[in-house]
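K.L.:
Structure file my_file38.txt (compact mmCIF, C-alpha atoms) is given on the next line.
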```txt
# COMPACT_ATOMS: atom_id res chain seq x y z
CA MET A 18 25.73 155.95 79.79
CA LYS A 19 27.82 158.87 81.03
CA THR A 20 30.02 156.39 82.88
CA GLY A 21 30.55 154.45 79.67
CA LEU A 22 31.59 157.60 77.86
CA VAL A 23 34.08 158.48 80.59
CA ALA A 24 35.48 154.96 80.55
CA ARG A 25 35.90 155.03 76.77
CA SER A 26 37.56 158.44 76.94
CA GLY A 27 39.91 157.12 79.60
CA ILE A 28 40.83 154.15 77.44
CA ALA A 29 41.46 156.44 74.47
CA VAL A 30 43.74 158.71 76.53
CA PHE A 31 45.56 155.68 77.93
CA ILE A 32 46.13 154.29 74.45
CA GLY A 33 47.38 157.67 73.27
CA PHE A 34 49.92 157.94 76.07
CA ALA A 35 50.98 154.33 75.70
CA PHE A 36 51.51 154.78 71.96
CA LEU A 37 53.66 157.83 72.55
CA SER A 38 55.75 155.86 75.01
CA LEU A 39 56.62 153.24 72.39
CA SER A 40 60.12 153.39 70.91
CA PRO A 41 60.68 155.68 67.94
CA GLN A 42 61.21 152.67 65.68
CA ILE A 43 57.81 151.25 66.56
CA ARG A 44 56.04 154.57 66.16
CA ALA A 45 57.78 155.02 62.82
CA GLN A 46 56.12 151.80 61.69
CA PHE A 47 52.80 153.55 61.73
CA ALA A 48 53.89 157.08 60.96
CA GLN A 49 55.71 156.29 57.77
CA VAL A 50 53.71 153.78 55.85
CA PRO A 51 55.10 154.30 52.36
CA MET A 52 52.87 155.00 49.40
CA GLY A 53 51.91 151.85 47.57
CA SER A 54 52.86 149.74 50.57
CA ALA A 55 51.48 146.28 51.14
CA PHE A 56 48.79 147.91 53.31
CA SER A 57 47.08 149.02 50.11
CA ILE A 58 46.26 145.41 49.20
CA PRO A 59 42.67 144.43 49.96
CA GLU A 60 42.38 142.18 52.94
CA ALA A 61 40.35 139.62 51.02
CA GLN A 62 43.30 138.97 48.72
CA LEU A 63 45.72 138.03 51.48
CA LEU A 64 46.81 134.46 51.95
CA LYS A 65 48.40 133.15 55.13
CA PRO A 66 51.42 130.84 54.82
CA GLU A 67 49.55 127.77 56.02
CA ALA A 68 46.78 128.45 53.50
CA LEU A 69 49.31 128.67 50.68
CA VAL A 70 50.96 125.42 51.73
CA GLN A 71 47.55 123.77 51.69
CA LEU A 72 46.73 125.30 48.33
CA LEU A 73 49.99 124.03 46.81
CA GLN A 74 49.38 120.56 48.20
CA THR A 75 45.81 120.20 47.11
CA THR A 76 45.82 121.89 43.74
CA SER A 77 46.63 119.27 41.19
CA LYS A 78 45.53 120.44 37.74
CA ASP A 79 45.46 124.20 37.60
CA LYS A 80 48.36 125.13 39.83
CA PRO A 81 48.66 128.78 40.82
CA LEU A 82 51.44 130.84 39.32
CA LEU A 83 53.70 131.76 42.20
CA LEU A 84 55.72 134.94 41.67
CA GLN A 85 58.35 136.52 43.93
CA VAL A 86 58.38 140.28 43.33
CA GLY A 87 61.16 141.33 45.71
CA SER A 88 64.92 141.21 45.63
CA HIS A 89 66.65 138.74 43.35
CA MET A 90 69.40 138.29 45.94
CA LEU A 91 66.85 137.07 48.46
CA PHE A 92 65.22 134.85 45.85
CA ALA A 93 68.57 133.23 45.04
CA GLN A 94 69.12 132.42 48.73
CA ALA A 95 65.72 130.89 49.30
CA HIS A 96 62.35 130.86 47.61
CA ILE A 97 59.19 128.80 47.55
CA PRO A 98 59.69 125.74 45.33
CA GLY A 99 58.09 126.23 41.96
CA SER A 100 57.97 130.00 42.26
CA GLU A 101 59.49 132.31 39.71
CA TYR A 102 61.33 135.56 40.10
CA ALA A 103 59.31 138.37 38.49
CA GLY A 104 61.38 141.48 39.28
CA PRO A 105 61.17 144.00 42.13
CA GLY A 106 57.71 145.52 42.24
CA SER A 107 59.09 148.79 43.56
CA GLN A 108 60.99 149.53 40.36
CA PRO A 109 59.69 150.29 36.85
CA ALA A 110 61.95 147.58 35.39
CA GLY A 111 60.48 145.07 37.83
CA ILE A 112 56.91 146.01 36.95
CA GLU A 113 57.78 145.64 33.28
CA GLN A 114 59.25 142.19 33.95
CA LEU A 115 56.09 141.20 35.80
CA GLN A 116 53.91 142.48 32.99
CA ASN A 117 55.90 140.53 30.39
CA ARG A 118 55.60 137.35 32.44
CA VAL A 119 51.83 137.43 32.83
CA ASN A 120 50.75 139.24 29.68
CA SER A 121 49.71 136.16 27.75
CA LEU A 122 47.90 134.47 30.65
CA PRO A 123 44.12 134.25 30.94
CA ARG A 124 42.84 136.97 33.24
CA LYS A 125 41.18 134.46 35.56
CA LYS A 126 44.45 132.63 36.22
CA LEU A 127 45.23 132.28 39.91
CA ILE A 128 48.43 134.22 40.64
CA VAL A 129 50.05 134.33 44.07
CA LEU A 130 52.52 137.15 44.75
CA TYR A 131 55.00 137.14 47.58
CA CYS A 132 58.03 139.07 48.76
CA GLY A 133 59.06 138.95 52.44
CA CYS A 134 61.91 141.40 52.04
CA CYS A 135 60.97 143.31 55.15
CA PRO A 136 58.10 143.83 57.62
CA TRP A 137 54.70 143.88 55.88
CA ASN A 138 54.10 147.59 56.34
CA ARG A 139 57.54 148.39 54.93
CA CYS A 140 57.39 146.22 51.83
CA PRO A 141 57.70 148.47 48.78
CA ASN A 142 57.20 145.68 46.23
CA LEU A 143 53.86 144.00 46.79
CA GLY A 144 51.59 147.05 46.56
CA PRO A 145 52.77 148.16 43.09
CA ALA A 146 52.93 144.57 41.79
CA PHE A 147 49.39 143.86 42.95
CA ALA A 148 48.15 147.15 41.49
CA LYS A 149 49.75 146.32 38.15
CA LEU A 150 48.02 142.94 37.93
CA HIS A 151 44.75 144.55 38.96
CA ASP A 152 45.18 147.16 36.21
CA MET A 153 45.85 144.41 33.70
CA GLY A 154 42.54 142.84 34.56
CA PHE A 155 43.69 139.87 36.64
CA ALA A 156 40.83 139.10 38.98
CA ASN A 157 42.24 136.14 40.84
CA VAL A 158 45.38 137.46 42.50
CA LYS A 159 46.37 136.51 46.02
CA VAL A 160 49.23 137.88 48.09
CA LEU A 161 51.12 135.86 50.66
CA TYR A 162 50.99 137.64 54.01
CA LEU A 163 54.40 137.50 55.69
CA ALA A 164 54.28 139.74 58.76
CA ASN A 165 58.01 140.09 59.35
CA ASN A 166 59.97 138.62 56.47
CA PHE A 167 60.45 135.49 54.41
CA GLY A 168 62.99 134.05 56.84
CA ALA A 169 60.94 134.42 59.99
CA ASP A 170 57.50 133.66 58.60
CA TRP A 171 58.28 131.02 56.01
CA ALA A 172 61.75 129.43 56.15
CA ASP A 173 61.99 129.32 59.95
CA LYS A 174 58.52 127.79 60.16
CA GLY A 175 59.76 124.80 58.22
CA TYR A 176 57.82 125.49 55.05
CA PRO A 177 59.56 124.28 51.90
CA VAL A 178 62.28 126.37 50.29
CA GLU A 179 64.76 125.91 47.51
CA GLN A 180 67.83 127.86 46.48
CA GLY A 181 69.10 129.11 43.18
CA TYR A 182 67.87 131.19 40.31
CA MET B 26 41.83 156.45 38.98
CA SER B 27 42.17 154.18 41.92
CA VAL B 28 43.34 150.70 41.17
CA ILE B 29 42.82 149.37 44.65
CA PRO B 30 39.22 148.72 45.52
CA LYS B 31 39.57 148.75 49.25
CA ALA B 32 42.43 149.48 51.59
CA VAL B 33 43.24 146.99 54.26
CA GLY B 34 43.61 148.05 57.90
CA PHE B 35 46.51 147.20 60.11
CA ALA B 36 46.54 143.50 59.42
CA PRO B 37 44.50 140.64 58.02
CA ARG B 38 41.07 139.96 59.45
CA THR B 39 42.32 137.31 61.78
CA LEU B 40 44.56 139.85 63.46
CA ARG B 41 42.00 142.63 63.62
CA CYS B 42 39.76 143.12 66.59
CA SER B 43 36.71 145.23 67.05
CA SER B 44 37.82 146.38 70.45
CA THR B 45 40.25 149.26 70.66
CA VAL B 46 41.84 147.64 73.68
CA LYS B 47 42.52 144.44 71.76
CA LEU B 48 43.94 146.47 68.92
CA PHE B 49 46.26 148.25 71.31
CA LEU B 50 47.41 144.97 72.81
CA TRP B 51 48.14 143.69 69.34
CA LEU B 52 50.14 146.82 68.57
CA CYS B 53 52.22 146.39 71.70
CA VAL B 54 52.71 142.67 71.69
CA GLY B 55 52.56 141.75 68.02
CA VAL B 56 54.59 144.61 66.69
CA ASN B 57 57.15 144.50 69.47
CA ALA B 58 57.64 140.84 68.75
CA ALA B 59 58.29 141.71 65.15
CA GLN B 60 60.89 144.27 66.02
CA ALA B 61 63.97 142.77 67.53
CA GLN B 62 64.74 139.12 67.39
CA VAL B 63 68.08 138.38 68.93
CA ALA B 64 68.10 135.09 67.14
CA PRO B 65 70.26 132.34 68.53
CA THR B 66 71.73 130.62 65.53
CA SER B 67 74.46 128.16 64.82
CA LEU B 68 76.79 131.13 64.29
CA LEU B 69 76.51 132.37 67.83
CA HIS B 70 79.82 132.36 69.78
CA LYS B 71 81.59 130.97 66.73
CA GLU B 72 84.05 132.73 64.48
CA ALA B 73 82.38 135.13 62.12
CA PRO B 74 82.65 133.79 58.58
CA GLU B 75 85.43 135.59 56.78
CA PHE B 76 84.99 137.45 53.56
CA VAL B 77 86.91 139.83 51.37
CA ARG B 78 85.12 142.37 49.18
CA THR B 79 85.77 145.64 47.45
CA ASP B 80 83.84 148.43 49.08
CA LEU B 81 81.88 151.17 47.34
CA GLU B 82 84.97 153.38 47.42
CA ASN B 83 87.02 150.69 45.68
CA ARG B 84 89.00 149.78 48.78
CA LYS B 85 89.64 146.25 49.93
CA LEU B 86 87.31 145.23 52.73
CA ASP B 87 88.67 142.21 54.58
CA LEU B 88 86.73 141.27 57.70
CA ARG B 89 89.84 139.67 59.16
CA ALA B 90 91.60 143.03 59.09
CA TYR B 91 89.14 144.24 61.73
CA ARG B 92 90.25 141.77 64.38
CA GLY B 93 90.78 143.73 67.56
CA LYS B 94 87.72 145.84 66.83
CA VAL B 95 84.09 145.27 67.71
CA VAL B 96 82.26 144.98 64.42
CA LEU B 97 78.61 145.66 63.67
CA LEU B 98 77.90 144.03 60.35
CA ASP B 99 74.82 145.68 58.92
CA PHE B 100 73.03 143.89 56.07
CA TRP B 101 70.78 146.44 54.38
CA ALA B 102 69.26 147.43 51.06
CA THR B 103 67.88 150.56 49.49
CA TRP B 104 64.39 149.02 49.33
CA CYS B 105 64.46 148.42 53.08
CA ALA B 106 62.98 151.52 54.70
CA SER B 107 63.81 150.30 58.19
CA CYS B 108 67.47 149.94 57.23
CA GLN B 109 67.68 153.54 56.17
CA ILE B 110 65.96 154.77 59.31
CA GLU B 111 68.77 153.13 61.29
CA MET B 112 71.61 154.63 59.28
CA PRO B 113 71.87 158.06 60.94
CA ARG B 114 72.28 156.27 64.26
CA PHE B 115 75.03 154.07 62.83
CA VAL B 116 76.82 157.16 61.53
CA ALA B 117 76.58 158.70 65.01
CA TRP B 118 77.81 155.49 66.65
CA GLN B 119 80.77 155.27 64.30
CA SER B 120 81.79 158.81 65.27
CA GLN B 121 81.11 158.36 68.96
CA TYR B 122 82.40 154.83 69.54
CA GLY B 123 84.91 154.49 66.72
CA PRO B 124 87.74 155.74 68.94
CA ARG B 125 86.83 153.01 71.44
CA GLY B 126 87.11 150.30 68.85
CA LEU B 127 83.72 150.09 67.15
CA GLN B 128 83.67 149.45 63.41
CA ILE B 129 80.45 149.40 61.49
CA ILE B 130 80.51 147.62 58.14
CA GLY B 131 77.59 147.82 55.75
CA ILE B 132 76.69 145.04 53.34
CA SER B 133 74.21 146.10 50.72
CA MET B 134 71.92 143.34 49.51
CA ASP B 135 70.75 145.40 46.55
CA ASP B 136 70.85 143.80 43.15
CA ASP B 137 72.13 147.06 41.65
CA PRO B 138 75.28 148.66 43.15
CA ALA B 139 74.34 152.07 41.73
CA LEU B 140 71.34 152.23 44.08
CA ALA B 141 73.51 151.39 47.08
CA ARG B 142 76.11 153.95 46.06
CA ARG B 143 73.44 156.67 45.91
CA VAL B 144 72.24 155.96 49.45
CA PHE B 145 75.86 155.69 50.64
CA GLU B 146 76.42 159.25 49.43
CA GLU B 147 73.04 160.66 50.44
CA GLN B 148 73.31 159.33 53.98
CA LYS B 149 76.97 160.37 54.20
CA LEU B 150 77.93 157.01 55.64
CA ASN B 151 81.22 157.21 57.54
CA TYR B 152 81.88 153.48 57.46
CA PRO B 153 82.71 151.08 54.63
CA VAL B 154 79.96 149.48 52.59
CA ALA B 155 80.40 146.56 50.22
CA MET B 156 77.96 144.74 48.00
CA GLY B 157 76.72 141.41 49.27
CA ASP B 158 75.42 138.43 47.37
CA GLU B 159 73.60 135.20 48.07
CA LYS B 160 76.83 133.40 49.00
CA LEU B 161 77.69 135.95 51.65
CA GLY B 162 74.10 135.86 52.87
CA GLN B 163 74.22 132.10 53.23
CA LEU B 164 77.57 132.31 55.07
CA TYR B 165 75.74 134.32 57.72
CA GLY B 166 72.85 131.93 58.07
CA GLY B 167 70.71 133.36 55.28
CA VAL B 168 69.66 136.94 54.87
CA LEU B 169 65.99 136.27 54.28
CA GLY B 170 64.69 139.63 55.34
CA LEU B 171 66.17 142.91 56.36
CA PRO B 172 67.51 144.55 58.39
CA LEU B 173 69.98 142.04 59.78
CA ILE B 174 72.76 143.09 62.11
CA ILE B 175 75.55 140.83 63.32
CA LEU B 176 77.59 141.81 66.38
CA ILE B 177 81.17 140.49 66.28
CA ASP B 178 83.55 140.93 69.21
CA SER B 179 87.21 141.89 69.03
CA GLN B 180 88.23 138.21 68.85
CA GLY B 181 86.11 137.77 65.75
CA LYS B 182 83.34 135.81 67.47
CA VAL B 183 79.66 136.36 66.71
CA LYS B 184 77.99 137.68 69.85
CA ALA B 185 74.49 138.46 68.61
CA ARG B 186 72.30 138.45 65.55
CA PHE B 187 69.54 141.06 65.38
CA ARG B 188 66.94 140.36 62.76
CA GLY B 189 64.12 142.67 61.78
CA GLU B 190 63.58 146.18 63.03
CA ALA B 191 65.67 146.05 66.15
CA ASP B 192 65.59 148.27 69.18
CA LEU B 193 68.75 150.31 68.62
CA LYS B 194 69.08 150.96 72.34
CA LEU B 195 69.27 147.19 72.85
CA ILE B 196 72.00 146.87 70.23
CA GLU B 197 73.95 149.72 71.82
CA LYS B 198 73.57 148.06 75.20
CA ARG B 199 75.00 144.85 73.77
CA PHE B 200 78.07 146.28 72.05
CA LYS B 201 79.10 148.96 74.57
CA PRO B 202 80.54 146.55 77.17
CA LEU B 203 82.69 145.01 74.45
CA LEU B 204 84.40 148.31 73.63
CA ARG B 205 87.56 149.70 75.14
CA PRO B 206 86.90 151.99 78.14
```
What do you get writing this file as structure tokens?

P.N.:
Amino acid sequence: MKTGLVARSGIAVFIGFAFLSLSPQIRAQFAQVPMGSAFSIPEAQLLKPEALVQLLQTTSKDKPLLLQVGSHMLFAQAHIPGSEYAGPGSQPAGIEQLQNRVNSLPRKKLIVLYCGCCPWNRCPNLGPAFAKLHDMGFANVKVLYLANNFGADWADKGYPVEQGY
Amino acid sequence: MSVIPKAVGFAPRTLRCSSTVKLFLWLCVGVNAAQAQVAPTSLLHKEAPEFVRTDLENRKLDLRAYRGKVVLLDFWATWCASCQIEMPRFVAWQSQYGPRGLQIIGISMDDDPALARRVFEEQKLNYPVAMGDEKLGQLYGGVLGLPLIILIDSQGKVKARFRGEADLKLIEKRFKPLLRP
């Protein structure tokens, strides 16, 4: 038992040293998780890209409402076909735009939010957008999990995109 | 009143492990992989697409005018925390390597120029910054996530494309040999 404790302590010390030896940029990833970041979204609400593709293919009648809550400039370059731009979640004007878009919808409507502006733990848009929908009483909100960005985790993977406004 | 019922950990369940060792491995491998992608694209070793803009100080910014210099084209935005973390280093590089022919050019992908202008002033950027748009993004292979840094040599050829949070030491290592001694 004592041996196990020593081994675990050793592993903990090793991890500590190894973490400190990581580059400043990598350490910053964990040291500076911004308030309201995508990390605040409950795990159960996350949707992986392949799951969304499947959902879009199989859902025939009640299609989910797909909303991009990041930068309009990124949306104009490439977005998921059928999705709408709903304003940047990090800004009050964006939250207002999102609210106006969904206000009249039934609260059980399936809504899928996505952004992909930057690495997941840096995204300033998804956390506030998700929180807003939650506050409004929407109980069926999913968030597309893009670990790095929309380019790397969606477009480069060959998932469908379209351009324009 | 909390609006979020439960905070998520480092990543979705599929990425989480019960073992601390597995978690550490994920941190090292997964996150490192997300950092710097020196992405080979169709632009590589070809002429950098030309563009002319007006910078945030109302001066003409013509990429062609920088022929003879090594250019780091930095696509950024105010909502991109990683981009702003990199900026002090870019300011230092511009001072240190500018005399040897380095020119950093910022392209803000913000929708609102006022936001970009504020960061330009706050960060005391010592290099020109112009506003980008979707056309410019598409010229450079699509800016579908930030940061994105394009390294252009003195002949105007694209030498590297760094996407995501890049290792700045790696970028420095790539552009230094291209500079004048």

K.L.:
For atom CA of A:Cys132 and atom CA of B:Arg114, determine how far apart the two atoms are, in Å to one decimal place.

P.N.:
27.2 Å

K.L.:
Using all atoms listed in the file for the distances, tell me which of B:Ile175, B:Ile196, B:Ala117, B:Ala191 is nearest to B:Pro74.

P.N.:
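Closest residue, counting all atoms listed in the file: B:Ile175.
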
K.L.:
What lies within 8 Å of stretch 81-84 of chain A using all atoms listed in the file, ignoring chain neighbours under 6 positions off, as a ChimeraX atom specification?

P.N.:
/A:73,99-103,126-131

K.L.:
Measure the distance from atom CA of B:Leu204 to atom CA of B:Gly131 in Å and round it to one decimal.

P.N.:
19.1 Å

K.L.:
What does the distance from atom CA of A:Arg139 to atom CA of A:Ala156 come to in Å, to one decimal?

P.N.:
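Atom CA of A:Ala156 lies at a distance of 24.9 Å from atom CA of A:Arg139.
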
K.L.:
Could you list, with a cut-off of 7 Å and counting only C-alpha atoms, the residues of chain A near chain B, each shown with its nearest atom pair and the distance in Å rounded to one decimal, rows sorted by chain and ascending number, as CSV?

P.N.:
```
residue,atom,partner,partner_atom,distance
A:Ile32,CA,B:Phe49,CA,6.8
A:Phe56,CA,B:Val33,CA,5.7
A:Ser57,CA,B:Ala32,CA,4.9
A:Ile58,CA,B:Ala32,CA,6.1
A:Pro59,CA,B:Val33,CA,5.0
A:Glu60,CA,B:Val33,CA,5.1
A:Ser88,CA,B:Asp136,CA,6.9
A:His89,CA,B:Asp136,CA,6.6
A:Met90,CA,B:Glu159,CA,5.6
A:Leu91,CA,B:Leu169,CA,5.9
A:Ala93,CA,B:Glu159,CA,6.2
A:Gln94,CA,B:Glu159,CA,5.3
A:Gly133,CA,B:Gly170,CA,6.4
A:Cys134,CA,B:Gly170,CA,4.7
A:Cys135,CA,B:Gly170,CA,5.2
A:Arg139,CA,B:Ala106,CA,6.3
A:Pro141,CA,B:Trp104,CA,6.7
A:Ala148,CA,B:Val28,CA,6.0
A:His151,CA,B:Val28,CA,6.7
A:Asp152,CA,B:Val28,CA,6.4
A:Asn165,CA,B:Ala59,CA,6.0
A:Asn166,CA,B:Gly170,CA,5.0
A:Phe167,CA,B:Leu169,CA,5.6
A:Gly168,CA,B:Leu169,CA,4.5
```

K.L.:
List every protein, DNA or RNA residue with an atom no more than 9 Å from (55.9, 151.2, 42.9) in the file's coordinates, counting all atoms listed in the file, and format the result as a compact mmCIF listing (two decimals) with C-alpha atoms, in the coordinates of the input.

P.N.:
```txt
# COMPACT_ATOMS: atom_id res chain seq x y z
CA MET A 52 52.87 155.00 49.40
CA GLY A 53 51.91 151.85 47.57
CA SER A 54 52.86 149.74 50.57
CA PRO A 105 61.17 144.00 42.13
CA GLY A 106 57.71 145.52 42.24
CA SER A 107 59.09 148.79 43.56
CA GLN A 108 60.99 149.53 40.36
CA PRO A 109 59.69 150.29 36.85
CA ILE A 112 56.91 146.01 36.95
CA PRO A 141 57.70 148.47 48.78
CA ASN A 142 57.20 145.68 46.23
CA LEU A 143 53.86 144.00 46.79
CA GLY A 144 51.59 147.05 46.56
CA PRO A 145 52.77 148.16 43.09
CA ALA A 146 52.93 144.57 41.79
CA ALA A 148 48.15 147.15 41.49
```

K.L.:
Might you pull out every residue within 12 Å of B:Val144, with only C-alpha atoms counted and same-chain residues fewer than 2 positions away left off, and present them as a list in words?

P.N.:
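The residues that qualify are Leu81, Trp101, Ala102, Thr103, Trp104, Cys105, Ala106, Cys108, Gln109, Ile110, Met112, Pro113, Gly131, Ser133, Asp135, Asp137, Pro138, Ala139, Leu140, Ala141, Arg142, Glu146, Glu147, Gln148, Lys149, Leu150 and Val154 of chain B.
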
K.L.:
Which residue, A:Ala95, A:Leu63, A:Leu72, A:Cys140, has the smallest gap to A:Gln180 when you use all atoms listed in the file?

P.N.:
A:Ala95

K.L.:
Residues at most 12 Å from B:Pro153, counting all atoms listed in the file, excluding those fewer than 2 positions away in the same chain, as a PDB file with C-alpha atoms, in the frame of the given file?

P.N.:
```pdb
ATOM      1  CA  ARG B  78      85.120 142.370  49.180  1.00  0.00           C
ATOM      2  CA  THR B  79      85.770 145.640  47.450  1.00  0.00           C
ATOM      3  CA  ASP B  80      83.840 148.430  49.080  1.00  0.00           C
ATOM      4  CA  LEU B  81      81.880 151.170  47.340  1.00  0.00           C
ATOM      5  CA  GLU B  82      84.970 153.380  47.420  1.00  0.00           C
ATOM      6  CA  ASN B  83      87.020 150.690  45.680  1.00  0.00           C
ATOM      7  CA  ARG B  84      89.000 149.780  48.780  1.00  0.00           C
ATOM      8  CA  LYS B  85      89.640 146.250  49.930  1.00  0.00           C
ATOM      9  CA  LEU B  86      87.310 145.230  52.730  1.00  0.00           C
ATOM     10  CA  ASP B  87      88.670 142.210  54.580  1.00  0.00           C
ATOM     11  CA  LEU B  88      86.730 141.270  57.700  1.00  0.00           C
ATOM     12  CA  TYR B  91      89.140 144.240  61.730  1.00  0.00           C
ATOM     13  CA  VAL B  96      82.260 144.980  64.420  1.00  0.00           C
ATOM     14  CA  LEU B  97      78.610 145.660  63.670  1.00  0.00           C
ATOM     15  CA  LEU B  98      77.900 144.030  60.350  1.00  0.00           C
ATOM     16  CA  ASP B  99      74.820 145.680  58.920  1.00  0.00           C
ATOM     17  CA  PHE B 115      75.030 154.070  62.830  1.00  0.00           C
ATOM     18  CA  VAL B 116      76.820 157.160  61.530  1.00  0.00           C
ATOM     19  CA  GLN B 119      80.770 155.270  64.300  1.00  0.00           C
ATOM     20  CA  GLN B 128      83.670 149.450  63.410  1.00  0.00           C
ATOM     21  CA  ILE B 129      80.450 149.400  61.490  1.00  0.00           C
ATOM     22  CA  ILE B 130      80.510 147.620  58.140  1.00  0.00           C
ATOM     23  CA  GLY B 131      77.590 147.820  55.750  1.00  0.00           C
ATOM     24  CA  ILE B 132      76.690 145.040  53.340  1.00  0.00           C
ATOM     25  CA  SER B 133      74.210 146.100  50.720  1.00  0.00           C
ATOM     26  CA  ALA B 141      73.510 151.390  47.080  1.00  0.00           C
ATOM     27  CA  ARG B 142      76.110 153.950  46.060  1.00  0.00           C
ATOM     28  CA  PHE B 145      75.860 155.690  50.640  1.00  0.00           C
ATOM     29  CA  GLU B 146      76.420 159.250  49.430  1.00  0.00           C
ATOM     30  CA  LYS B 149      76.970 160.370  54.200  1.00  0.00           C
ATOM     31  CA  LEU B 150      77.930 157.010  55.640  1.00  0.00           C
ATOM     32  CA  ASN B 151      81.220 157.210  57.540  1.00  0.00           C
ATOM     33  CA  ALA B 155      80.400 146.560  50.220  1.00  0.00           C
ATOM     34  CA  MET B 156      77.960 144.740  48.000  1.00  0.00           C
TER      35      MET B 156
END
```

K.L.:
Of the candidates A:Leu64, A:Leu115, A:Ala172, A:Val70, which one gets nearest to A:Leu150 if we count all atoms listed in the file?

P.N.:
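Looking only at the distances to A:Leu150, the closest residue turns out to be A:Leu115.
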